[in-house]
Amino acid sequence: MKAKLLLTGASGFIGSQIYKALKDNFDVTAVSSSSVGEEYTALDLLNQSDCELFFKNKEFDYIIHAAAIAHGNNKNSRMEVGEANVLMTRNIFNSLDVRNTKVIFLSSVSVYSFKNNKEIISVNDQPLPVTDYGKSKLACEELLKGKKPESLHILRLAPVYTQNNLKDLGKRVFLPVLKIPFITKQKRIYSLCHVDVAVSEVVNSISASQDSLKIVKDFKDHTQEELLSFFKIKKPQVVVNQDIVKPLFFVLSLIPVSKSNIVRDMFTKLFYSAVYIN
């Protein structure tokens, strides 16, 4: 008999690849916010009653929680990203007894920020998120710890990409608004995560028995030149000196508004290295 596995966010960018990797070896309940195929079960994770009814009397050997809203507001309501991500997690895990279940949670390096004040961040450094998304991921981590599953595996993913999905990489290659490619005079290095690497780490976590917390990224970090090559750009005309950016950070530090922290975090990742290590 195959082990029972719940996969949330099953039709998403990462979730759909996890589903393909596991569907033949597990009895997978693949939950999606919308029914996009017969292999997926449509379930509104933001609706507490729907979750309670769907999960009633259900037990799973494994839960892979990949459902999340990453950018902008939830399309189906006025709820903010952070609020929606936490509510989804609460609705799922309040409806299930996971004391005998292994839980794998797809978190993010967004739990760190410019406030860590370093270009190389360790998985054991204190999380200091400034974006709603990053704050929600950290809140979900803490929520899941409180549920005391058989084991909990938190995977903090670096920006995830494929050659056909370079949205997150573009934030490190093109100037905001202008959408012009650029390079900095100083060297920049970035940790990234190909979707295949993320899926492989999820599969490996299934067999792990002890709780774990990991940064998930490509074996080799990427130079700014390599990022440009993803977009088939060899030599951009715009060259930015990082020293010119520093006065902008000083001005932003004087503005006591959370939005200024988000802007500062965005520009830090744009103009400086962002490397994560275990």
# chains A, B, ... in the order shown; residues from 1 in each chain; ligands from 1
call {"tool": "residues_around", "arguments": {"residues": "A:Tyr112", "least_positions_apart": "2", "cutoff": "7 Å", "atoms": "only C-alpha atoms", "output": "JSON, numbers by chain"}}
result
{"A": [109, 110, 116, 127, 128, 129]}
call {"tool": "write_last_selection", "arguments": {"atoms": "N, CA and C atoms", "output": "PDB file, in the first residue's frame"}}
result
ATOM      1  N   VAL A 109      14.082  32.361   1.317  1.00  0.00           N
ATOM      2  CA  VAL A 109      15.147  33.210   1.849  1.00  0.00           C
ATOM      3  C   VAL A 109      14.655  34.633   2.072  1.00  0.00           C
ATOM      4  N   SER A 110      13.402  34.905   1.714  1.00  0.00           N
ATOM      5  CA  SER A 110      12.814  36.218   1.995  1.00  0.00           C
ATOM      6  C   SER A 110      12.615  36.456   3.489  1.00  0.00           C
ATOM      7  N   ASN A 116      19.871  42.140   7.829  1.00  0.00           N
ATOM      8  CA  ASN A 116      20.924  41.219   8.256  1.00  0.00           C
ATOM      9  C   ASN A 116      22.307  41.803   8.042  1.00  0.00           C
ATOM     10  N   PRO A 127      16.340  35.460  11.280  1.00  0.00           N
ATOM     11  CA  PRO A 127      15.452  35.967  10.227  1.00  0.00           C
ATOM     12  C   PRO A 127      14.979  37.383  10.570  1.00  0.00           C
ATOM     13  N   LEU A 128      15.106  38.282   9.584  1.00  0.00           N
ATOM     14  CA  LEU A 128      14.675  39.672   9.774  1.00  0.00           C
ATOM     15  C   LEU A 128      13.912  40.125   8.524  1.00  0.00           C
ATOM     16  N   PRO A 129      12.738  39.558   8.278  1.00  0.00           N
ATOM     17  CA  PRO A 129      12.003  39.892   7.051  1.00  0.00           C
ATOM     18  C   PRO A 129      11.427  41.303   7.097  1.00  0.00           C
TER      19      PRO A 129
END
call {"tool": "residues_around", "arguments": {"residues": "A:Ala208", "least_positions_apart": "6", "cutoff": "10 Å", "atoms": "only C-alpha atoms", "output": "number ranges by chain"}}
result
A: 102, 151-153
call {"tool": "closest_residue", "arguments": {"among": "A:Asn164, A:Asn85, A:Ser16, A:Thr29", "to": "A:Phe230", "atoms": "only C-alpha atoms"}}
result
A:Asn164
call {"tool": "select_by_dssp", "arguments": {"residues": "stretch 28-237 of chain A", "states": "alpha helix (DSSP H)", "output": "VMD selection string"}}
result
chain A and resid 48 to 55 81 to 94 132 to 146 167 to 170 195 to 206 224 to 230
call {"tool": "closest_residue", "arguments": {"among": "A:Lys148, A:Pro181, A:Leu5, A:Asp125", "to": "A:Ala30", "atoms": "only C-alpha atoms"}}
result
A:Leu5
call {"tool": "residues_around", "arguments": {"residues": "A:Tyr40", "least_positions_apart": "5", "cutoff": "9 Å", "atoms": "only C-alpha atoms", "output": "PyMOL selection string"}}
result
chain A and resi 10-11+29-32+34-35
call {"tool": "residues_around", "arguments": {"residues": "A:Phe93", "least_positions_apart": "5", "cutoff": "9 Å", "atoms": "only C-alpha atoms", "output": "number ranges by chain"}}
result
A: 88, 98, 143-144, 147
call {"tool": "atom_distance", "arguments": {"atom1": "atom CA of A:Asp61", "atom2": "atom CA of A:Lys4"}}
result
5.3 Å
call {"tool": "residues_around", "arguments": {"residues": "A:Asp196", "least_positions_apart": "4", "cutoff": "10 Å", "atoms": "only C-alpha atoms", "output": "count of residues only"}}
result
11
call {"tool": "residues_around", "arguments": {"residues": "A:Thr89", "least_positions_apart": "5", "cutoff": "9 Å", "atoms": "only C-alpha atoms", "output": "VMD selection string"}}
result
chain A and resid 45 to 46 65 67 to 68 84 94 140 143 to 144
call {"tool": "write_last_selection", "arguments": {"atoms": "N, CA, C and O atoms", "output": "PDB file, in the first residue's frame"}}
result
ATOM      1  N   LEU A  45      -8.228  27.155   0.142  1.00  0.00           N
ATOM      2  CA  LEU A  45      -7.538  27.053   1.425  1.00  0.00           C
ATOM      3  C   LEU A  45      -7.767  28.269   2.315  1.00  0.00           C
ATOM      4  O   LEU A  45      -7.433  28.245   3.500  1.00  0.00           O
ATOM      5  N   LEU A  46      -8.350  29.315   1.747  1.00  0.00           N
ATOM      6  CA  LEU A  46      -8.667  30.496   2.548  1.00  0.00           C
ATOM      7  C   LEU A  46     -10.016  30.368   3.257  1.00  0.00           C
ATOM      8  O   LEU A  46     -10.362  31.207   4.089  1.00  0.00           O
ATOM      9  N   HIS A  65       3.712  21.244   2.009  1.00  0.00           N
ATOM     10  CA  HIS A  65       2.947  22.495   1.945  1.00  0.00           C
ATOM     11  C   HIS A  65       3.680  23.478   1.029  1.00  0.00           C
ATOM     12  O   HIS A  65       4.622  24.155   1.435  1.00  0.00           O
ATOM     13  N   ALA A  67       1.717  25.563  -1.122  1.00  0.00           N
ATOM     14  CA  ALA A  67       0.771  26.621  -1.502  1.00  0.00           C
ATOM     15  C   ALA A  67       1.192  27.952  -0.891  1.00  0.00           C
ATOM     16  O   ALA A  67       1.477  28.044   0.298  1.00  0.00           O
ATOM     17  N   ALA A  68       1.219  28.982  -1.715  1.00  0.00           N
ATOM     18  CA  ALA A  68       1.549  30.336  -1.236  1.00  0.00           C
ATOM     19  C   ALA A  68       1.241  31.340  -2.336  1.00  0.00           C
ATOM     20  O   ALA A  68       1.199  30.998  -3.518  1.00  0.00           O
ATOM     21  N   ALA A  84      -2.994  36.147   3.718  1.00  0.00           N
ATOM     22  CA  ALA A  84      -3.513  34.975   3.005  1.00  0.00           C
ATOM     23  C   ALA A  84      -2.634  33.749   3.229  1.00  0.00           C
ATOM     24  O   ALA A  84      -3.133  32.644   3.465  1.00  0.00           O
ATOM     25  N   ASN A  94      -4.973  23.379  11.224  1.00  0.00           N
ATOM     26  CA  ASN A  94      -5.967  23.324  12.293  1.00  0.00           C
ATOM     27  C   ASN A  94      -7.000  22.236  12.018  1.00  0.00           C
ATOM     28  O   ASN A  94      -7.727  21.821  12.921  1.00  0.00           O
ATOM     29  N   CYS A 140       4.530  31.286   9.215  1.00  0.00           N
ATOM     30  CA  CYS A 140       4.091  29.916   8.925  1.00  0.00           C
ATOM     31  C   CYS A 140       5.067  28.896   9.505  1.00  0.00           C
ATOM     32  O   CYS A 140       4.658  27.833   9.999  1.00  0.00           O
ATOM     33  N   LEU A 143       4.216  28.680  13.111  1.00  0.00           N
ATOM     34  CA  LEU A 143       2.924  28.018  13.283  1.00  0.00           C
ATOM     35  C   LEU A 143       3.096  26.500  13.180  1.00  0.00           C
ATOM     36  O   LEU A 143       2.536  25.738  13.989  1.00  0.00           O
ATOM     37  N   LEU A 144       3.864  26.056  12.199  1.00  0.00           N
ATOM     38  CA  LEU A 144       4.055  24.622  11.988  1.00  0.00           C
ATOM     39  C   LEU A 144       4.868  23.987  13.117  1.00  0.00           C
ATOM     40  O   LEU A 144       4.612  22.841  13.508  1.00  0.00           O
TER      41      LEU A 144
END
call {"tool": "select_by_dssp", "arguments": {"residues": "stretch 9-250 of chain A", "states": "strand (DSSP E or B)", "output": "ChimeraX atom specification"}}
result
/A:27-32,41-42,62-65,102-108,120-122,151-157,160-162,165,174,181-184,189-190,193-194,212-216,222-223,238-240
call {"tool": "closest_atom_pairs", "arguments": {"of": "stretch 96-180 of chain A", "to": "stretch 237-255 of chain A", "cutoff": "12 Å", "atoms": "only C-alpha atoms", "output": "tab-separated table"}}
result
residue	atom	partner	partner_atom	distance
A:Phe114	CA	A:Phe249	CA	10.5
A:Lys115	CA	A:Ser253	CA	11.1
A:Val173	CA	A:Val238	CA	10.9
A:Phe174	CA	A:Val238	CA	10.0
A:Leu175	CA	A:Val238	CA	9.5
A:Leu178	CA	A:Val238	CA	11.5
A:Lys179	CA	A:Val238	CA	11.4
A:Ile180	CA	A:Val238	CA	7.9
call {"tool": "write_last_selection", "arguments": {"atoms": "all heavy atoms", "output": "short mmCIF file (atom, residue, chain, number, x, y, z; two decimals), in the first residue's frame"}}
result
data_model
loop_
_atom_site.label_atom_id
_atom_site.label_comp_id
_atom_site.auth_asym_id
_atom_site.auth_seq_id
_atom_site.Cartn_x
_atom_site.Cartn_y
_atom_site.Cartn_z
N PHE A 114 17.86 43.10 4.06
CA PHE A 114 19.00 44.00 4.20
C PHE A 114 19.35 44.24 5.66
O PHE A 114 20.49 44.59 6.01
CB PHE A 114 18.70 45.35 3.52
CG PHE A 114 17.77 46.24 4.29
CD1 PHE A 114 18.26 47.16 5.21
CD2 PHE A 114 16.39 46.15 4.13
CE1 PHE A 114 17.40 47.99 5.94
CE2 PHE A 114 15.53 46.96 4.84
CZ PHE A 114 16.04 47.88 5.75
N LYS A 115 18.39 44.02 6.54
CA LYS A 115 18.63 44.22 7.98
C LYS A 115 19.65 43.24 8.53
O LYS A 115 20.22 43.48 9.60
CB LYS A 115 17.31 44.11 8.76
CG LYS A 115 16.38 45.30 8.55
CD LYS A 115 15.19 45.22 9.49
CE LYS A 115 14.34 46.48 9.41
NZ LYS A 115 13.21 46.45 10.36
N VAL A 173 18.45 41.88 -12.85
CA VAL A 173 19.07 42.17 -14.14
C VAL A 173 18.61 43.50 -14.74
O VAL A 173 19.40 44.20 -15.38
CB VAL A 173 18.76 41.02 -15.13
CG1 VAL A 173 19.19 41.38 -16.55
CG2 VAL A 173 19.45 39.74 -14.69
N PHE A 174 17.34 43.86 -14.50
CA PHE A 174 16.77 45.05 -15.13
C PHE A 174 16.48 46.15 -14.09
O PHE A 174 15.97 45.86 -13.00
CB PHE A 174 15.47 44.69 -15.86
CG PHE A 174 15.66 43.70 -16.97
CD1 PHE A 174 15.45 42.34 -16.75
CD2 PHE A 174 16.07 44.11 -18.22
CE1 PHE A 174 15.63 41.41 -17.77
CE2 PHE A 174 16.25 43.20 -19.25
CZ PHE A 174 16.03 41.85 -19.03
N LEU A 175 16.78 47.38 -14.44
CA LEU A 175 16.46 48.51 -13.57
C LEU A 175 14.95 48.66 -13.45
O LEU A 175 14.24 48.53 -14.45
CB LEU A 175 17.07 49.80 -14.12
CG LEU A 175 18.61 49.88 -14.09
CD1 LEU A 175 19.07 51.12 -14.85
CD2 LEU A 175 19.12 49.92 -12.65
N LEU A 178 12.32 51.38 -15.65
CA LEU A 178 12.95 51.55 -16.96
C LEU A 178 13.08 50.23 -17.71
O LEU A 178 13.11 50.23 -18.94
CB LEU A 178 14.34 52.17 -16.78
CG LEU A 178 14.39 53.55 -16.10
CD1 LEU A 178 15.84 53.96 -15.89
CD2 LEU A 178 13.65 54.59 -16.93
N LYS A 179 13.19 49.13 -16.97
CA LYS A 179 13.34 47.79 -17.56
C LYS A 179 14.56 47.71 -18.47
O LYS A 179 14.56 47.03 -19.49
CB LYS A 179 12.07 47.40 -18.33
CG LYS A 179 10.81 47.42 -17.50
CD LYS A 179 10.88 46.45 -16.33
CE LYS A 179 9.60 46.47 -15.50
NZ LYS A 179 9.69 45.59 -14.31
N ILE A 180 15.61 48.42 -18.08
CA ILE A 180 16.85 48.43 -18.85
C ILE A 180 17.87 47.51 -18.16
O ILE A 180 18.07 47.62 -16.95
CB ILE A 180 17.43 49.86 -18.95
CG1 ILE A 180 16.44 50.78 -19.68
CG2 ILE A 180 18.79 49.86 -19.64
CD1 ILE A 180 16.88 52.23 -19.68
#
call {"tool": "residues_around", "arguments": {"residues": "A:Lys118", "least_positions_apart": "4", "cutoff": "10 Å", "atoms": "only C-alpha atoms", "output": "compact mmCIF listing (two decimals) with N, CA and C atoms, in the first residue's frame"}}
result
# COMPACT_ATOMS: atom_id res chain seq x y z
N SER A 113 16.76 39.76 5.10
CA SER A 113 16.64 41.04 4.39
C SER A 113 17.91 41.86 4.54
N PHE A 114 17.86 43.10 4.06
CA PHE A 114 19.00 44.00 4.20
C PHE A 114 19.35 44.24 5.66
N SER A 122 23.85 33.09 6.52
CA SER A 122 23.78 31.69 6.91
C SER A 122 22.36 31.33 7.31
N TYR A 272 23.53 44.67 -4.99
CA TYR A 272 24.57 43.98 -4.19
C TYR A 272 24.36 42.46 -4.24
N SER A 273 25.42 41.76 -3.90
CA SER A 273 25.36 40.30 -3.86
C SER A 273 24.33 39.84 -2.82
N ALA A 274 23.76 38.65 -3.08
CA ALA A 274 22.85 38.01 -2.13
C ALA A 274 23.15 36.52 -2.15
N VAL A 275 23.97 36.09 -1.20
CA VAL A 275 24.41 34.70 -1.14
C VAL A 275 23.94 34.07 0.16
